[in-house]
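J.: Contents of protein.txt (compact mmCIF, C-alpha atoms) are given next:
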```
# COMPACT_ATOMS: atom_id res chain seq x y z
CA MET A 1404 -24.57 -0.12 53.56
CA ALA A 1405 -23.24 -0.86 50.08
CA ALA A 1406 -24.03 2.72 49.01
CA LEU A 1407 -22.12 4.09 52.02
CA SER A 1408 -19.17 1.83 51.23
CA GLY A 1409 -19.20 3.05 47.63
CA LEU A 1410 -19.26 6.68 48.77
CA VAL A 1411 -16.34 6.13 51.15
CA SER A 1412 -14.39 4.38 48.40
CA SER A 1413 -15.10 7.26 46.03
CA LEU A 1414 -13.96 9.86 48.57
CA GLU A 1415 -10.62 8.09 48.94
CA SER A 1416 -9.68 9.12 45.39
CA TYR A 1417 -8.96 12.64 44.18
CA ARG A 1418 -11.36 12.37 41.21
CA GLY A 1419 -14.08 10.95 43.43
CA ARG A 1420 -13.81 13.84 45.91
CA ASP A 1421 -13.71 16.36 43.08
CA ARG A 1422 -16.90 14.98 41.53
CA LEU A 1423 -18.68 15.12 44.89
CA ILE A 1424 -17.48 18.65 45.66
CA ARG A 1425 -18.52 19.75 42.17
CA THR A 1426 -21.99 18.23 42.57
CA LEU A 1427 -22.46 19.83 46.00
CA SER A 1428 -21.24 23.20 44.71
CA TYR A 1429 -23.65 23.30 41.79
CA GLY A 1430 -26.45 21.82 43.92
CA CYS A 1431 -26.04 24.62 46.46
CA GLN A 1432 -26.01 27.16 43.64
CA LEU A 1433 -29.21 25.70 42.16
CA ILE A 1434 -31.13 25.67 45.44
CA GLY A 1435 -29.56 28.90 46.69
CA GLY A 1436 -30.36 30.69 43.46
CA LEU A 1437 -34.00 29.64 43.67
CA LEU A 1438 -34.34 30.57 47.35
CA ALA A 1439 -32.56 33.91 46.87
CA GLU A 1440 -35.47 35.02 44.66
CA GLN A 1441 -38.08 34.18 47.34
CA SER A 1442 -39.16 35.86 50.59
CA SER A 1443 -36.70 37.50 53.00
CA VAL A 1444 -36.19 34.41 55.20
CA LYS A 1445 -35.70 32.04 52.26
CA SER A 1446 -33.58 34.67 50.54
CA GLU A 1447 -31.15 34.70 53.48
CA VAL A 1448 -30.83 30.91 53.35
CA GLY A 1449 -30.32 31.14 49.61
CA LYS A 1450 -27.51 33.66 50.00
CA ARG A 1451 -25.75 31.39 52.50
CA LEU A 1452 -26.01 28.45 50.11
CA LEU A 1453 -24.51 30.62 47.36
CA VAL A 1454 -21.60 31.43 49.67
CA ILE A 1455 -21.08 27.71 50.32
CA SER A 1456 -21.19 27.09 46.56
CA ALA A 1457 -18.56 29.77 45.94
CA GLN A 1458 -16.28 28.34 48.64
CA LEU A 1459 -16.57 24.80 47.25
CA SER A 1460 -15.77 26.13 43.78
CA HIS A 1461 -12.73 27.94 45.21
CA CYS A 1462 -11.66 24.69 46.87
CA ARG A 1463 -11.70 22.95 43.48
CA THR A 1464 -9.68 25.77 41.94
CA ILE A 1465 -6.93 25.30 44.55
CA LEU A 1466 -6.95 21.52 44.13
CA ARG A 1467 -6.50 21.97 40.36
CA LEU A 1468 -3.13 23.61 41.08
CA PHE A 1469 -1.78 20.04 41.11
CA ASP A 1470 -3.48 18.77 37.93
CA ASP A 1471 -0.94 19.96 35.36
CA LEU A 1472 1.35 16.93 35.56
CA ALA A 1473 -1.54 14.47 35.43
CA MET A 1474 -2.90 16.19 32.33
CA PHE A 1475 0.57 16.24 30.78
CA ALA A 1476 0.97 12.52 31.42
CA TYR A 1477 -2.39 11.83 29.78
CA SER A 1478 -1.58 14.04 26.77
CA LYS A 1479 1.83 12.40 26.38
CA GLN A 1480 0.31 8.94 26.55
CA TYR A 1481 -2.29 9.83 23.92
CA GLY A 1482 0.29 11.62 21.78
CA LEU A 1483 -0.98 12.24 18.25
CA GLY A 1484 -3.61 9.55 18.61
CA ALA A 1485 -1.86 6.90 16.51
CA LYS A 1486 -4.20 4.24 17.90
CA GLU A 1487 -7.31 6.09 16.69
CA GLU A 1488 -8.71 4.72 13.44
CA ASP A 1489 -10.69 7.87 12.63
CA ALA A 1490 -8.59 10.90 11.58
CA ILE A 1491 -11.28 13.40 12.62
CA ILE A 1492 -11.55 11.93 16.12
CA ARG A 1493 -7.76 11.92 16.39
CA CYS A 1494 -7.51 15.58 15.39
CA LEU A 1495 -10.30 16.69 17.74
CA SER A 1496 -8.75 14.75 20.64
CA VAL A 1497 -5.25 16.16 20.13
CA ILE A 1498 -6.49 19.77 19.98
CA SER A 1499 -8.75 19.15 22.99
CA ASN A 1500 -5.79 17.81 25.00
CA LEU A 1501 -3.78 20.91 24.06
CA ALA A 1502 -6.61 23.20 25.17
CA ASP A 1503 -6.89 21.31 28.46
CA GLN A 1504 -3.14 21.52 29.02
CA LEU A 1505 -3.15 25.30 28.49
CA TYR A 1506 -6.24 25.75 30.66
CA TYR A 1507 -4.50 24.89 33.91
CA PRO A 1508 -1.62 27.43 33.87
CA CYS A 1509 -4.03 30.18 32.78
CA GLU A 1510 -6.32 29.40 35.70
CA HIS A 1511 -3.34 29.23 38.07
CA VAL A 1512 -2.23 32.71 37.02
CA ALA A 1513 -5.77 34.05 37.49
CA TRP A 1514 -5.96 32.48 40.97
CA ALA A 1515 -2.55 33.87 41.93
CA ALA A 1516 -3.58 37.34 40.78
CA ASP A 1517 -6.80 37.20 42.84
CA ALA A 1518 -4.79 36.03 45.86
CA LYS A 1519 -2.41 39.01 45.38
CA ILE A 1520 0.53 36.66 44.94
CA ILE A 1521 1.29 38.34 41.63
CA HIS A 1522 0.28 41.90 40.77
CA ILE A 1523 -1.59 41.66 37.48
CA ASN A 1524 -5.20 41.93 36.36
CA SER A 1525 -6.81 38.51 36.78
CA THR A 1526 -9.81 39.21 34.53
CA ARG A 1527 -8.12 38.48 31.20
CA TRP A 1528 -6.66 35.24 32.60
CA TRP A 1529 -10.06 34.06 33.85
CA ILE A 1530 -11.51 34.86 30.43
CA LEU A 1531 -8.71 32.98 28.68
CA SER A 1532 -9.05 29.92 30.92
CA THR A 1533 -12.83 29.90 30.42
CA ALA A 1534 -12.39 30.23 26.65
CA LEU A 1535 -9.97 27.27 26.64
CA TRP A 1536 -12.43 25.23 28.70
CA GLY A 1537 -15.22 26.14 26.29
CA LEU A 1538 -13.04 25.17 23.31
CA SER A 1539 -12.26 21.81 24.93
CA LEU A 1540 -15.97 21.21 25.53
CA LEU A 1541 -16.84 22.17 21.95
CA LEU A 1542 -14.21 19.77 20.62
CA GLY A 1543 -15.51 17.10 22.99
CA ILE A 1544 -19.02 17.60 21.60
CA GLY A 1545 -17.72 17.20 18.06
CA ARG A 1546 -15.78 14.09 19.08
CA SER A 1547 -18.85 12.50 20.69
CA LEU A 1548 -21.00 13.24 17.64
CA LYS A 1549 -18.42 11.64 15.33
CA ILE A 1550 -18.09 8.57 17.56
CA ILE A 1551 -21.88 8.16 17.70
CA LEU A 1552 -22.06 8.48 13.91
CA ASN A 1553 -19.34 5.84 13.46
CA LEU A 1554 -21.01 3.46 15.92
CA ARG A 1555 -24.40 3.81 14.24
CA ARG A 1556 -22.78 3.00 10.91
CA LYS A 1557 -21.43 -0.20 12.45
CA LEU A 1558 -24.92 -1.10 13.65
CA ARG A 1559 -26.30 -0.67 10.12
CA ASN A 1560 -23.53 -2.74 8.54
CA PRO A 1561 -25.24 -5.82 6.97
CA GLU A 1562 -22.00 -7.86 7.13
CA ARG A 1563 -22.22 -7.95 10.94
CA SER A 1564 -25.29 -10.23 10.87
CA ALA A 1565 -23.10 -13.08 9.63
CA ASN A 1566 -20.82 -12.75 12.62
CA LYS A 1567 -21.30 -15.40 15.33
CA SER A 1568 -20.91 -12.80 18.07
CA PHE A 1569 -23.48 -10.50 16.44
CA ARG A 1570 -25.73 -10.04 19.49
CA ARG A 1571 -22.87 -9.48 21.93
CA GLU A 1572 -21.20 -6.97 19.60
CA THR A 1573 -24.50 -5.15 19.04
CA LYS A 1574 -25.03 -4.83 22.79
CA MET A 1575 -21.50 -3.48 23.25
CA ILE A 1576 -21.97 -0.88 20.51
CA GLU A 1577 -25.34 0.21 21.94
CA THR A 1578 -23.70 0.63 25.36
CA GLN A 1579 -20.96 2.77 23.79
CA VAL A 1580 -23.58 4.90 22.04
CA LYS A 1581 -25.46 5.52 25.31
CA SER A 1582 -22.19 6.44 27.04
CA GLU A 1583 -21.29 8.94 24.31
CA ILE A 1584 -24.78 10.46 24.42
CA LEU A 1585 -24.37 11.04 28.16
CA THR A 1586 -20.93 12.60 27.54
CA LEU A 1587 -22.48 14.79 24.85
CA LEU A 1588 -25.24 16.00 27.19
CA SER A 1589 -22.70 16.66 29.97
CA ASN A 1590 -20.48 18.71 27.67
CA LEU A 1591 -23.47 20.67 26.32
CA ALA A 1592 -24.55 21.58 29.87
CA ASP A 1593 -21.01 22.68 30.77
CA LEU A 1594 -20.64 24.61 27.51
CA ALA A 1595 -23.79 26.59 28.34
CA ASN A 1596 -22.13 27.70 31.60
CA ALA A 1597 -18.76 28.35 29.93
CA ILE A 1598 -20.41 30.76 27.49
CA HIS A 1599 -22.27 32.43 30.36
CA TRP A 1600 -18.92 33.17 32.06
CA LEU A 1601 -17.44 34.85 28.98
CA PRO A 1602 -17.55 38.67 28.61
CA PRO A 1603 -21.08 40.08 28.08
CA GLY A 1604 -22.08 40.53 24.46
CA PHE A 1605 -21.08 37.04 23.30
CA LEU A 1606 -24.23 34.93 22.80
CA TRP A 1607 -25.89 34.59 26.25
CA ALA A 1608 -22.76 35.54 28.26
CA GLY A 1609 -23.66 36.95 31.69
CA ARG A 1610 -27.40 36.32 31.28
CA PHE A 1611 -27.88 33.15 33.35
CA PRO A 1612 -29.37 33.54 36.84
CA PHE A 1613 -27.61 31.64 39.65
CA TRP A 1614 -30.15 28.82 39.67
CA LEU A 1615 -29.75 28.13 35.93
CA VAL A 1616 -25.95 27.94 36.26
CA GLY A 1617 -26.52 25.53 39.15
CA LEU A 1618 -28.96 23.46 37.11
CA MET A 1619 -26.60 23.11 34.14
CA GLY A 1620 -23.69 22.25 36.41
CA SER A 1621 -25.77 19.77 38.43
CA VAL A 1622 -26.88 17.95 35.27
CA SER A 1623 -23.26 17.66 34.11
CA SER A 1624 -22.01 16.62 37.56
CA LEU A 1625 -24.65 13.92 38.06
CA ILE A 1626 -23.92 12.47 34.62
CA SER A 1627 -20.21 12.45 35.49
CA MET A 1628 -20.86 10.64 38.78
CA TYR A 1629 -23.08 8.09 37.03
CA GLN A 1630 -20.45 7.43 34.37
CA ALA A 1631 -17.71 7.13 37.00
CA SER A 1632 -19.73 4.44 38.77
CA GLY A 1633 -19.75 2.25 35.65
CA PRO A 1634 -17.17 0.47 33.50
CA HIS A 1635 -17.28 3.27 30.92
CA SER A 1636 -15.46 5.75 33.15
CA GLU A 1637 -12.87 7.85 31.26
CA LYS A 1638 -10.73 10.96 31.52
CA SER A 1639 -12.72 14.02 32.55
CA ASP A 1640 -11.77 17.67 32.86
CA ASP A 1641 -14.67 19.08 34.81
CA SER A 1642 -14.57 22.72 35.77
```
When written as structure tokens, how does the structure in this file appear?

T.:
Amino acid sequence: MAALSGLVSSLESYRGRDRLIRTLSYGCQLIGGLLAEQSSVKSEVGKRLLVISAQLSHCRTILRLFDDLAMFAYSKQYGLGAKEEDAIIRCLSVISNLADQLYYPCEHVAWAADAKIIHINSTRWWILSTALWGLSLLLGIGRSLKIILNLRRKLRNPERSANKSFRRETKMIETQVKSEILTLLSNLADLANAIHWLPPGFLWAGRFPFWLVGLMGSVSSLISMYQASGPHSEKSDDS
């Protein structure tokens, strides 16, 4: 009953619905991709699941038409990261916010072109939006690595042992490290898909089968849902 209550509460928020739709979309792609490679009956079921996955992904694209202002508000609040003690983390975060801010209008243009609202080629805009998403993920990976490095340095600091709140502080730092490791894994899984969606010829672009795209996306989505259920929830720009 508590789980059902938590699900209902999550669905009442935009981010909660988006995480669930994302997880279902990639889950359908994972299972559908596997079934599509099987016998004729299973293959038909697999194809239907892939259609459901595509429709759920399209639903998220339309919902993101309203994300620009929220992202702008977040970027404005963060500013140049004056509150960050580490200059590298500050720089990575500012550039990442800029990439995220540019991502939305590029995707909107691509969507409008596909919907025949504007008469331009959508391909270059999809590529640009995917490249911006990939850049944001790459910067996020670098940010997580730097944060983990800084936290591990704190754990090795001998001066902390003299602190009365040593155990409590150690536990808090270890929790932060675990959270950043999960964020790192999520970004790595998404980055694998982002590269796959770039033009063929760049690394493994275009080489992932449907089920592998679904697997990478499912891993990222489940991590995101787990993090959102805890006190370490933070801004996310899942795509």

J.: What separation in Å, quoted to one decimal, exists between atom CA of Met1619 of chain A and atom CA of Leu1588 of chain A?

T.: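 Here the two named atoms are 10.0 Å from each other.
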
J.: Which residue is closest to Gln1432 of chain A? Choose from A:Ala1631, A:Leu1601, A:Leu1554, A:Leu1615 and count all atoms listed in the file.

T.: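 The closest residue to Gln1432 of chain A is A:Leu1615.
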
J.: Set the distance at 8 Å and use all atoms listed in the file: which residues neighbour Gly1537 of chain A once local chain neighbours fewer than 5 positions away are removed? I'd like the list as a list in words.

T.: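 Neighbouring residues, sequence-local ones excluded: Leu1594, Ala1597 and Ile1598 of chain A.
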
J.: Output C-alpha atoms of each residue in that selection to a file, as a tab-separated table (two decimals), in the coordinates of the input.

T.:
```tsv
chain	number	residue	atom	x	y	z
A	1594	LEU	CA	-20.64	24.61	27.51
A	1597	ALA	CA	-18.76	28.35	29.93
A	1598	ILE	CA	-20.41	30.76	27.49
```

J.: Hey, can you check how far atom CA of Ile1530 of chain A sits from atom CA of Asp1470 of chain A?

T.: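 According to the coordinates, atom CA of Ile1530 of chain A and atom CA of Asp1470 of chain A are separated by 19.5 Å.
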
J.: Could you pull out every residue with an atom within 12 Å of (-5.4, 22.1, 42.5), file coordinates, counting only C-alpha atoms, and send them as a PyMOL selection string?

T.: chain A and resi 1417-1418+1421+1460-1473+1507-1508+1510-1511+1514+1642

J.: Which residue, A:Leu1606, A:Leu1505, A:Leu1453, A:Ile1550, has the smallest gap to Leu1587 of chain A when you use all atoms listed in the file?

T.: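 Among A:Leu1606, A:Leu1505, A:Leu1453, A:Ile1550, it is A:Ile1550 that comes nearest to Leu1587 of chain A.
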
J.: Env of Ile1626 of chain A: 7 Å cut, atoms = only C-alpha atoms, seq-sep filter 3 positions within chain, self excluded. Answer as a list in words.

T.: Leu1585, Ser1589, Val1622, Ser1623, Tyr1629 and Gln1630 of chain A

J.: Find the residue from A:Ala1513, A:Ala1439, A:Leu1495, A:Leu1558 that sits nearest to Arg1546 of chain A; use all atoms listed in the file when measuring.

T.: A:Leu1495

J.: Pick the closest to Asp1489 of chain A from A:Asn1553, A:Gly1435, A:Ser1456, A:Leu1531: which is it, counting only C-alpha atoms?

T.: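 The closest residue to Asp1489 of chain A is A:Asn1553.
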
J.: Enter the distance from atom CA of Ile1498 of chain A to atom CA of Glu1577 of chain A, in Å, rounded to one decimal.

T.: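 Here the two named atoms are 27.2 Å from each other.
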